[in-house]
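Asker: Handing over run.cif, mmCIF, C-alpha atoms.
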```
data_structure
#
loop_
_atom_site.label_atom_id
_atom_site.label_comp_id
_atom_site.auth_asym_id
_atom_site.auth_seq_id
_atom_site.Cartn_x
_atom_site.Cartn_y
_atom_site.Cartn_z
CA MET I 18 -29.77 31.52 -13.80
CA THR I 19 -30.82 29.12 -16.56
CA VAL I 20 -29.01 26.20 -18.19
CA ALA I 21 -28.52 28.35 -21.30
CA GLU I 22 -26.88 31.11 -19.26
CA VAL I 23 -24.60 28.65 -17.46
CA SER I 24 -23.67 27.11 -20.79
CA GLU I 25 -22.83 30.52 -22.21
CA HIS I 26 -20.74 31.65 -19.23
CA LEU I 27 -18.80 28.40 -19.02
CA SER I 28 -18.37 28.08 -22.79
CA LEU I 29 -19.94 24.64 -22.81
CA GLU I 30 -20.72 22.67 -25.93
CA VAL I 31 -24.37 21.63 -26.09
CA LEU I 32 -24.52 17.99 -27.24
CA ALA I 33 -28.18 17.41 -26.48
CA GLU I 34 -30.75 20.08 -25.85
CA GLY I 35 -33.23 19.49 -23.06
CA ASP I 36 -34.97 22.44 -21.44
CA LEU I 37 -32.27 25.11 -21.72
CA ASN I 38 -34.52 27.54 -19.88
CA ALA I 39 -34.65 25.33 -16.82
CA PRO I 40 -33.48 27.14 -13.68
CA VAL I 41 -30.18 26.03 -12.17
CA ARG I 42 -30.43 25.66 -8.42
CA SER I 43 -27.00 24.32 -7.55
CA GLY I 44 -24.36 21.84 -8.68
CA TYR I 45 -23.28 18.31 -7.90
CA CYS I 46 -19.95 16.62 -8.70
CA SER I 47 -19.76 12.84 -8.75
CA ASP I 48 -18.67 9.95 -10.92
CA LEU I 49 -20.50 7.36 -8.84
CA LEU I 50 -23.99 7.12 -10.27
CA SER I 51 -25.29 5.43 -7.12
CA ASP I 52 -24.16 8.52 -5.20
CA VAL I 53 -25.88 10.83 -7.68
CA LEU I 54 -29.09 8.80 -7.40
CA ALA I 55 -28.95 9.13 -3.64
CA HIS I 56 -27.86 12.74 -3.27
CA ALA I 57 -28.17 14.96 -6.35
CA GLY I 58 -31.06 17.37 -6.26
CA GLY I 59 -33.58 18.58 -8.82
CA GLY I 60 -32.20 21.60 -10.66
CA ASP I 61 -28.55 20.70 -10.06
CA VAL I 62 -25.97 20.90 -12.78
CA TRP I 63 -24.32 17.49 -12.52
CA ILE I 64 -20.59 17.55 -13.31
CA THR I 65 -19.08 14.16 -14.18
CA HIS I 66 -16.52 12.17 -16.16
CA GLN I 67 -19.03 9.38 -16.74
CA ARG I 68 -20.50 9.04 -20.22
CA HIS I 69 -22.23 5.67 -19.96
CA MET I 70 -25.84 5.35 -21.13
CA ASN I 71 -26.97 5.17 -17.50
CA VAL I 72 -26.01 8.84 -17.09
CA VAL I 73 -29.14 9.77 -19.04
CA ALA I 74 -31.39 7.58 -16.89
CA VAL I 75 -29.90 8.91 -13.66
CA ALA I 76 -30.15 12.54 -14.85
CA LYS I 77 -33.79 11.97 -15.69
CA LEU I 78 -34.59 10.21 -12.40
CA ARG I 79 -32.99 12.98 -10.33
CA GLU I 80 -34.43 15.72 -12.57
CA VAL I 81 -31.11 17.51 -12.76
CA ALA I 82 -31.09 20.71 -14.82
CA ALA I 83 -28.20 19.53 -16.99
CA VAL I 84 -25.25 17.16 -17.16
CA VAL I 85 -21.79 18.51 -17.89
CA ILE I 86 -19.27 15.92 -19.05
CA VAL I 87 -15.82 17.28 -18.34
CA HIS I 88 -12.34 17.15 -19.78
CA GLY I 89 -13.50 16.69 -23.34
CA ALA I 90 -14.62 13.09 -22.83
CA SER I 91 -17.16 12.64 -25.64
CA PRO I 92 -20.07 10.30 -25.06
CA ASN I 93 -20.96 8.07 -27.98
CA GLU I 94 -23.78 8.91 -30.39
CA GLN I 95 -26.29 6.51 -28.78
CA VAL I 96 -25.91 8.31 -25.46
CA VAL I 97 -26.37 11.71 -27.11
CA GLU I 98 -29.41 10.42 -29.03
CA ARG I 99 -30.96 9.06 -25.86
CA ALA I 100 -30.40 12.34 -24.04
CA ARG I 101 -32.17 14.12 -26.89
CA SER I 102 -35.11 11.76 -26.88
CA GLU I 103 -35.40 11.93 -23.09
CA GLY I 104 -35.09 15.71 -23.02
CA VAL I 105 -31.94 15.70 -20.92
CA SER I 106 -29.52 18.59 -21.50
CA LEU I 107 -26.10 17.07 -22.10
CA LEU I 108 -23.24 19.55 -22.19
CA MET I 109 -19.52 19.13 -22.54
CA SER I 110 -16.48 21.08 -21.38
CA ASP I 111 -12.83 20.79 -22.35
CA GLU I 112 -11.92 21.95 -18.87
CA ASN I 113 -11.52 19.64 -15.90
CA ALA I 114 -14.02 19.10 -13.12
CA PHE I 115 -12.28 21.48 -10.73
CA GLN I 116 -12.37 24.33 -13.24
CA VAL I 117 -15.97 23.74 -14.25
CA ALA I 118 -17.17 23.37 -10.67
CA GLY I 119 -15.21 26.45 -9.57
CA LYS I 120 -16.67 28.61 -12.28
CA LEU I 121 -20.19 27.35 -11.67
CA TYR I 122 -19.84 27.98 -7.95
CA GLN I 123 -18.77 31.56 -8.59
CA LEU I 124 -21.51 32.05 -11.14
CA LEU I 125 -24.20 30.88 -8.74
CA GLY I 126 -22.87 33.23 -6.07
CA GLY I 127 -21.27 30.53 -3.87
CA MET J 24 -23.62 -34.38 -13.06
CA THR J 25 -21.24 -33.50 -10.25
CA HIS J 26 -21.55 -31.19 -7.33
CA LEU J 27 -18.56 -28.95 -6.82
CA ARG J 28 -17.32 -26.08 -4.74
CA ALA J 29 -15.89 -23.24 -6.83
CA ASP J 30 -13.95 -20.09 -6.00
CA LEU J 31 -14.02 -18.08 -9.23
CA HIS J 32 -12.14 -14.95 -8.19
CA ILE J 33 -8.57 -15.42 -6.98
CA HIS J 34 -5.65 -13.02 -7.43
CA THR J 35 -1.96 -13.93 -7.68
CA VAL J 36 1.33 -12.03 -7.37
CA LEU J 37 0.61 -10.54 -10.78
CA SER J 38 -1.84 -8.19 -9.06
CA PRO J 39 0.16 -5.44 -7.36
CA CYS J 40 -2.28 -5.40 -4.45
CA ALA J 41 -1.95 -9.16 -3.83
CA ASP J 42 0.48 -10.73 -1.40
CA LEU J 43 3.88 -11.78 -2.75
CA ARG J 44 3.28 -15.27 -1.42
CA MET J 45 0.46 -15.75 -3.93
CA SER J 46 2.59 -17.74 -6.38
CA PRO J 47 0.83 -20.21 -8.69
CA ARG J 48 2.11 -23.10 -6.57
CA ARG J 49 0.81 -21.61 -3.33
CA VAL J 50 -2.56 -20.83 -4.90
CA VAL J 51 -2.96 -24.48 -5.91
CA ASP J 52 -1.90 -25.71 -2.44
CA GLU J 53 -4.39 -23.41 -0.74
CA ALA J 54 -7.19 -24.30 -3.14
CA ARG J 55 -6.66 -28.00 -2.36
CA ARG J 56 -6.60 -27.23 1.37
CA ALA J 57 -9.91 -25.41 1.00
CA GLY J 58 -11.50 -28.34 -0.82
CA LEU J 59 -12.14 -26.41 -4.01
CA ALA J 60 -12.81 -28.46 -7.14
CA LEU J 61 -12.80 -25.43 -9.44
CA ILE J 62 -11.00 -22.09 -9.27
CA ALA J 63 -10.56 -19.13 -11.60
CA ILE J 64 -7.51 -16.87 -11.61
CA ALA J 65 -8.47 -13.23 -12.06
CA ASP J 66 -5.68 -10.70 -11.76
CA HIS J 67 -6.29 -7.04 -12.51
CA ASN J 68 -6.29 -6.62 -16.30
CA ALA J 69 -3.84 -9.54 -16.63
CA ALA J 70 -4.01 -13.30 -17.04
CA ALA J 71 -0.54 -14.81 -17.44
CA ASN J 72 -0.23 -16.55 -14.07
CA GLY J 73 -3.40 -18.54 -14.71
CA LEU J 74 -1.51 -20.75 -17.15
CA TYR J 75 1.01 -21.76 -14.51
CA VAL J 76 -1.72 -22.38 -11.96
CA ARG J 77 -3.48 -24.64 -14.44
CA SER J 78 -0.27 -26.46 -15.29
CA ILE J 79 0.53 -27.13 -11.62
CA ALA J 80 -3.01 -28.12 -10.67
CA GLN J 81 -3.36 -30.81 -13.38
CA GLY J 82 -7.11 -30.77 -12.93
CA ASN J 83 -7.04 -30.79 -9.12
CA PRO J 84 -8.55 -28.30 -8.89
CA ALA J 85 -9.83 -27.49 -12.38
CA VAL J 86 -8.63 -24.00 -13.35
CA LEU J 87 -10.36 -21.39 -15.50
CA LEU J 88 -8.31 -18.53 -16.86
CA GLY J 89 -9.56 -15.06 -16.29
CA MET J 90 -9.07 -11.45 -15.47
CA GLU J 91 -10.68 -8.76 -13.40
CA ILE J 92 -11.01 -6.06 -16.03
CA GLN J 93 -11.57 -2.46 -15.00
CA SER J 94 -13.62 -0.67 -17.63
CA GLN J 95 -13.45 2.99 -18.54
CA GLU J 96 -16.36 3.66 -16.15
CA GLU J 97 -14.27 1.96 -13.43
CA VAL J 98 -16.65 -0.99 -13.24
CA GLU J 99 -14.78 -4.20 -12.42
CA VAL J 100 -15.72 -7.15 -14.60
CA LEU J 101 -14.80 -10.77 -14.01
CA ALA J 102 -13.96 -12.39 -17.36
CA LEU J 103 -13.63 -16.19 -17.45
CA PHE J 104 -12.22 -18.40 -20.19
CA ASP J 105 -11.60 -22.08 -20.88
CA ASP J 106 -9.24 -21.27 -23.72
CA GLU J 107 -5.75 -20.04 -22.91
CA ARG J 108 -5.12 -18.47 -26.29
CA ALA J 109 -8.35 -16.46 -26.20
CA CYS J 110 -7.63 -15.19 -22.72
CA LEU J 111 -4.06 -14.22 -23.59
CA THR J 112 -5.27 -12.43 -26.73
CA LEU J 113 -7.52 -10.28 -24.60
CA GLU J 114 -4.75 -9.73 -22.06
CA GLU J 115 -2.52 -8.45 -24.86
CA GLU J 116 -5.21 -6.11 -26.22
CA LEU J 117 -5.90 -4.69 -22.78
CA TYR J 118 -2.22 -4.19 -22.02
CA ARG J 119 -1.70 -2.35 -25.31
CA ASP J 120 -4.48 0.08 -24.36
CA LEU J 121 -3.71 0.49 -20.65
CA PRO J 122 -2.50 3.99 -19.73
CA ASP J 123 1.26 4.26 -20.04
CA VAL J 124 1.88 4.62 -16.32
CA ASP J 125 4.69 2.62 -14.74
CA CYS J 126 3.96 0.54 -11.67
CA ASP J 127 6.09 1.81 -8.79
CA PRO J 128 6.45 -1.36 -6.68
CA ASP J 129 7.12 0.67 -3.52
CA LEU J 130 3.77 2.38 -3.87
CA PHE J 131 1.59 -0.29 -5.49
CA GLY J 132 3.36 -3.62 -5.03
CA ASP J 133 5.04 -6.01 -7.45
CA GLN J 134 3.48 -7.27 -10.67
CA VAL J 135 5.27 -10.50 -11.49
CA VAL J 136 4.67 -13.52 -13.66
CA VAL J 137 5.86 -16.56 -11.72
CA ASP J 138 6.30 -20.10 -13.06
CA GLU J 139 5.66 -23.59 -11.67
CA GLN J 140 8.91 -23.51 -9.66
CA ASP J 141 8.32 -20.08 -8.11
CA ASN J 142 10.80 -18.43 -10.49
CA ILE J 143 10.06 -14.91 -11.68
CA VAL J 144 9.50 -15.11 -15.45
CA ARG J 145 9.02 -11.40 -15.98
CA THR J 146 7.90 -8.17 -14.36
CA VAL J 147 5.00 -6.27 -15.88
CA ARG J 148 5.88 -2.62 -16.40
CA LYS J 149 2.59 -0.74 -16.77
CA LEU J 150 0.42 -0.34 -13.70
CA LEU J 151 -2.36 -2.95 -13.94
CA LEU J 152 -4.59 -1.08 -11.50
CA SER J 153 -5.57 1.52 -14.10
CA PRO J 154 -8.89 1.31 -15.96
CA VAL J 155 -8.61 0.37 -19.62
CA PRO J 156 -10.05 2.99 -22.00
CA TRP J 157 -12.82 0.61 -23.10
CA GLY J 158 -16.46 1.22 -22.29
CA LEU J 159 -18.17 -1.49 -20.26
CA ALA J 160 -20.24 -2.64 -23.24
CA ASP J 161 -17.07 -3.00 -25.33
CA VAL J 162 -15.40 -5.09 -22.63
CA VAL J 163 -18.44 -7.37 -22.42
CA GLU J 164 -18.65 -7.69 -26.19
CA ARG J 165 -14.98 -8.49 -26.69
CA VAL J 166 -14.97 -11.13 -23.96
CA ALA J 167 -17.96 -12.81 -25.64
CA GLU J 168 -16.36 -12.62 -29.10
CA LEU J 169 -13.36 -14.48 -27.74
CA GLY J 170 -15.56 -17.20 -26.26
CA GLY J 171 -15.35 -16.02 -22.66
CA TRP J 172 -18.00 -15.13 -20.13
CA SER J 173 -18.18 -11.91 -18.17
CA LEU J 174 -20.01 -10.80 -15.09
CA PRO J 175 -19.82 -7.87 -12.68
CA ALA J 176 -17.33 -8.49 -9.84
CA HIS J 177 -18.41 -7.74 -6.24
CA VAL J 178 -21.55 -6.18 -7.65
CA ASP J 179 -22.68 -4.76 -4.31
CA ARG J 180 -19.46 -2.80 -3.65
CA ILE J 181 -19.60 0.96 -4.08
CA HIS J 182 -16.12 1.29 -5.58
CA GLY J 183 -15.63 -0.88 -8.63
CA GLY J 184 -19.00 -2.61 -8.29
CA LEU J 185 -21.40 -2.29 -11.21
CA LEU J 186 -24.27 -0.86 -9.19
CA GLY J 187 -22.14 1.45 -7.08
CA VAL J 188 -20.57 2.97 -10.17
CA LEU J 189 -23.49 2.93 -12.60
CA GLY J 190 -26.37 3.13 -10.14
CA LEU J 191 -28.65 0.91 -12.22
CA LEU J 192 -28.19 -2.26 -14.26
CA PRO J 193 -27.30 -1.37 -17.85
CA GLU J 194 -29.89 -1.96 -20.57
CA GLY J 195 -29.75 -5.23 -22.44
CA ASN J 196 -29.06 -8.86 -21.57
CA TRP J 197 -25.94 -8.35 -19.50
CA PRO J 198 -25.25 -9.40 -16.81
CA GLU J 199 -26.59 -12.97 -16.77
CA VAL J 200 -25.21 -13.41 -13.26
CA ALA J 201 -23.42 -11.25 -10.69
CA GLU J 202 -20.73 -11.90 -8.11
CA LEU J 203 -21.41 -10.88 -4.52
CA SER J 204 -18.73 -9.59 -2.18
CA PRO J 205 -17.46 -12.26 0.23
CA TRP J 206 -19.25 -10.75 3.23
CA THR J 207 -22.62 -9.58 1.89
CA THR J 208 -25.66 -11.77 2.45
CA VAL J 209 -28.00 -12.22 -0.50
CA GLU J 210 -30.74 -10.49 1.51
CA GLU J 211 -28.55 -7.46 2.26
CA ALA J 212 -27.49 -7.18 -1.36
CA VAL J 213 -31.04 -7.34 -2.72
CA GLU J 214 -32.33 -4.90 -0.12
CA ARG J 215 -29.65 -2.36 -1.01
CA TRP J 216 -29.89 -3.03 -4.76
CA PRO J 217 -33.39 -4.25 -5.67
CA ALA J 218 -32.20 -4.70 -9.28
CA LEU J 219 -30.34 -7.81 -8.10
CA GLY J 220 -33.60 -9.58 -7.23
CA GLY J 221 -34.10 -12.34 -9.77
CA LEU J 222 -30.52 -12.26 -11.02
CA PRO J 223 -28.52 -15.45 -10.37
CA LEU J 224 -25.75 -14.69 -7.90
CA LEU J 225 -22.46 -16.34 -7.12
CA ARG J 226 -19.94 -15.72 -4.40
CA ALA J 227 -16.17 -15.86 -4.55
CA SER J 228 -13.26 -15.02 -2.26
CA ASP J 229 -11.55 -12.18 -4.19
CA ALA J 230 -8.49 -13.58 -2.39
CA HIS J 231 -5.36 -11.43 -2.29
CA PHE J 232 -3.69 -13.46 0.51
CA PRO J 233 -3.15 -17.23 0.76
CA HIS J 234 -5.47 -17.77 3.73
CA GLU J 235 -8.29 -15.97 1.92
CA ILE J 236 -8.56 -18.61 -0.82
CA GLY J 237 -11.83 -20.46 -0.34
CA ARG J 238 -13.10 -18.08 2.37
CA ALA J 239 -16.14 -17.62 0.14
CA TRP J 240 -17.33 -19.89 -2.66
CA SER J 241 -20.21 -21.03 -4.81
CA GLU J 242 -21.89 -24.43 -5.00
CA LEU J 243 -22.30 -25.73 -8.53
CA ARG J 244 -24.06 -28.69 -10.09
CA VAL J 245 -22.54 -29.14 -13.53
CA THR J 246 -21.41 -31.88 -15.89
CA ALA J 247 -17.93 -30.40 -16.31
CA PRO J 248 -15.86 -27.49 -14.95
CA THR J 249 -16.24 -25.30 -18.04
CA VAL J 250 -17.48 -21.81 -18.84
CA ALA J 251 -20.36 -23.24 -20.90
CA GLU J 252 -21.45 -25.33 -17.92
CA LEU J 253 -21.22 -22.32 -15.59
CA ARG J 254 -23.54 -20.40 -17.90
CA ALA J 255 -25.94 -23.31 -18.05
CA ALA J 256 -25.83 -23.60 -14.25
CA ALA J 257 -26.63 -19.89 -13.89
CA GLN J 258 -29.66 -20.42 -16.12
CA GLY J 259 -30.64 -23.59 -14.27
CA THR J 260 -30.62 -25.66 -17.45
CA GLY J 261 -31.30 -29.35 -16.90
CA ASP J 262 -30.35 -30.38 -13.39
CA ARG J 263 -27.62 -27.79 -13.22
CA SER J 264 -27.54 -25.17 -10.53
CA MET J 265 -25.42 -22.38 -9.10
CA ARG J 266 -25.83 -20.90 -5.68
CA PRO J 267 -23.65 -18.68 -3.53
CA GLY J 268 -22.06 -20.24 -0.47
CA PRO J 269 -22.50 -18.58 2.94
CA PRO J 270 -21.04 -15.14 3.55
CA CYS J 271 -17.52 -14.98 4.89
CA LYS J 272 -17.35 -14.46 8.64
CA GLU J 273 -13.84 -13.01 8.82
CA GLY J 274 -13.14 -9.27 8.83
CA ARG J 275 -13.21 -7.19 5.69
#
```
In structure tokens, how does this file's structure come out?

Answerer:
Amino acid sequence: MTVAEVSEHLSLEVLAEGDLNAPVRSGYCSDLLSDVLAHAGGGDVWITHQRHMNVVAVAKLREVAAVVIVHGASPNEQVVERARSEGVSLLMSDENAFQVAGKLYQLLGG
Amino acid sequence: MTHLRADLHIHTVLSPCADLRMSPRRVVDEARRAGLALIAIADHNAAANGLYVRSIAQGNPAVLLGMEIQSQEEVEVLALFDDERACLTLEEELYRDLPDVDCDPDLFGDQVVVDEQDNIVRTVRKLLLSPVPWGLADVVERVAELGGWSLPAHVDRIHGGLLGVLGLLPEGNWPEVAELSPWTTVEEAVERWPALGGLPLLRASDAHFPHEIGRAWSELRVTAPTVAELRAAAQGTGDRSMRPGPPCKEGR
């Protein structure tokens, strides 16, 4: 399963395109960036409410496959620009974290 | 140049989570007991009781107005002001934008403005423990525009601390200084969060109960108890200095 396929199945809006062909290994839900730095894995889809600039840095450091910002919380243009320039896939969903995580879990076969 | 002991993070009864005995009068009494020459009042997203504390204290101790602002990211920021009008302007702007959720006193505690004689002036309706829908950078910018000074509160704490929430220091020139939790040694903080190495640190009590006032403090060398002097002390300008007092020994 690639980021593009996840995006399609979950009807996500692509704000910044990184490597959409990157394989998705699993998912990680957290709004504490220190927790993500410590525990998220490479290839995870990171589901969060956070939309601070540091999200891009943390996504890059942990080599997550993509970031999904939930509940329609739009990041500002500088954050989107930075994600583009850093090659981080930044996606958005109008659904809440529970719905996005539930669908992703099902999609990845539990 | 004077040497003074400062506790720059004290709550009052205006914070729902603070003890009801934390009236402005009691805060001043306890600050004097603790030998503090400078205090700052920092209720959650609210500032009104600071004026009464200042009026009672009459310079002993000196009182800065302030707030502990919770940003959209849920980072807690200590904002300090000399000027009452500037601080109240910000308080009003934050209150306007706070989520429209009532404070249920049975669940969260009372949020009351209390005067010099321990009379309740008013009760604040909206829950002050909610984050304001302002990004951290916007909070920092607005505080500066109004002539205040902001720094991350209890920077080493996972919940509400800058590094716990955002993982890394944000880009740019902020913060100039960070507040440590009462109990964390400087060495522990820097080991856990290497980004703090080289950043000036201060310590404060984050008191919610009377006996907690002055349990942790900072030592300052300044010419006056003002925000401008605090900034200069953090930068070590002239003979000024700022250093955190020892970690608090009492339980968390």

Asker: Interatomic distance between CA of Ser38 in chain J and CA of Gln134 in chain J?

Answerer: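 The value is 5.6 Å.
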
Asker: Just say which residues the PyMOL selection byres ((chain I) within 7 of (chain J)) picks in this file, as a list in words.

Answerer: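 Written out, the selection comes to Leu49, Leu50, Ser51, Leu54, Gln67 and Asn71 of chain I.
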
Asker: CA of Asp30 in chain J and CA of Leu121 in chain J, how far apart in Å?

Answerer: 27.3 Å

Asker: Where does the PyMOL selection byres ((chain I and resi 116-120) around 9) land in this file, that is, which residues does it pick, as a list of chain:residue names?

Answerer: I:His26, I:Leu27, I:Gly44, I:Tyr45, I:Cys46, I:Ile64, I:Val85, I:Val87, I:Ser110, I:Glu112, I:Asn113, I:Ala114, I:Phe115, I:Leu121, I:Tyr122, I:Gln123, I:Leu124, I:Leu125

Asker: Evaluate the PyMOL selection byres ((chain I and resi 108) around 9) and record the selected residues as an MDAnalysis selection string, following the chain and residue labels used in the document.

Answerer: chainID I and resid 24 29:34 83:87 106:107 109:110

Asker: Report, in Å to a single decimal, how far apart CA of Leu117 in chain J and CA of Glu168 in chain J are.

Answerer: 14.6 Å

Asker: Quick one: residues within 12 Å of Leu152 in chain J, only C-alpha atoms, excluding same-chain residues fewer than 5 positions away - as a ChimeraX atom specification?

Answerer: /J:37-41,66-69,90-94,97,99,117-118,121-127,130-134,147,183

Asker: I'd like the neighbourhood of Ser204 in chain J as a list in words, where a residue qualifies if any of its atoms comes within 10 Å (using only C-alpha atoms), though same-chain residues fewer than 4 positions away should be ignored.

Answerer: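 Neighbouring residues, sequence-local ones excluded: Ala176, His177, Val178, Asp179, Arg180, Gly184, Thr208, Val209, Ala212, Leu225, Arg226, Ala227, Ser228, Asp229, Ala239, Pro270, Cys271 and Arg275 of chain J.
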
Asker: Which of these residues is nearest to Met18 in chain I, using all atoms listed in the file: I:Arg68, I:Arg99, I:Lys77, I:Arg42?

Answerer: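 Comparing I:Arg68, I:Arg99, I:Lys77, I:Arg42 against Met18 in chain I, the winner is I:Arg42.
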
Asker: Which residues are near range 71-77 of chain J? Cut-off 12 Å, all atoms listed in the file, ignore same chain within fewer than 6 positions. Put them as an MDAnalysis selection string.

Answerer: chainID J and resid 31:38 45:54 61:65 83:90 103:115 118 134:147

Asker: Using all atoms listed in the file, which of the listed residues (J:Ser153, J:Trp197, J:His234, J:Trp172) sits closest to Ala255 in chain J?

Answerer: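 Once distances to Ala255 in chain J are computed over all atoms listed in the file, the minimum belongs to J:Trp172.
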
Asker: Select, counting only C-alpha atoms, all protein, DNA and RNA residues no farther than 9 Å from (-13.6, 8.5, -24.5) in file coordinates, and express the selection as a list in words.

Answerer: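 Here the neighbourhood of the point contains Arg68, Gly89, Ala90, Ser91, Pro92 and Asn93 of chain I; Gln95, Pro156, Trp157 and Gly158 of chain J.
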
Asker: Within 10 Å of (-32.3, 11.7, -9.5) (coordinates as in the file), grab all the protein and nucleic acid residues, counting all atoms listed in the file, and write them out as a list in words.

Answerer: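 Residues lying no farther than 10 Å from the given point: Leu50, Ser51, Asp52, Val53, Leu54, Ala55, His56, Ala57, Gly58, Gly59, Gly60, Asp61, Ala74, Val75, Ala76, Lys77, Leu78, Arg79, Glu80 and Val81 of chain I.
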
Asker: Applying 9 Å and only C-alpha atoms, which residues near Leu243 in chain J remain after dropping the ones on its own chain fewer than 4 positions away? List them as a PDB file with C-alpha atoms, keeping the file's coordinate frame.

Answerer:
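Wrote it out as part.pdb, contents follow:
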```
ATOM      1  CA  THR J  25     -21.240 -33.500 -10.250  1.00  0.00           C
ATOM      2  CA  HIS J  26     -21.550 -31.190  -7.330  1.00  0.00           C
ATOM      3  CA  LEU J  27     -18.560 -28.950  -6.820  1.00  0.00           C
ATOM      4  CA  ARG J  28     -17.320 -26.080  -4.740  1.00  0.00           C
ATOM      5  CA  ALA J  29     -15.890 -23.240  -6.830  1.00  0.00           C
ATOM      6  CA  LEU J 253     -21.220 -22.320 -15.590  1.00  0.00           C
ATOM      7  CA  ALA J 256     -25.830 -23.600 -14.250  1.00  0.00           C
ATOM      8  CA  ARG J 263     -27.620 -27.790 -13.220  1.00  0.00           C
ATOM      9  CA  SER J 264     -27.540 -25.170 -10.530  1.00  0.00           C
ATOM     10  CA  MET J 265     -25.420 -22.380  -9.100  1.00  0.00           C
ATOM     11  CA  ARG J 266     -25.830 -20.900  -5.680  1.00  0.00           C
ATOM     12  CA  PRO J 267     -23.650 -18.680  -3.530  1.00  0.00           C
TER      13      PRO J 267
END
```
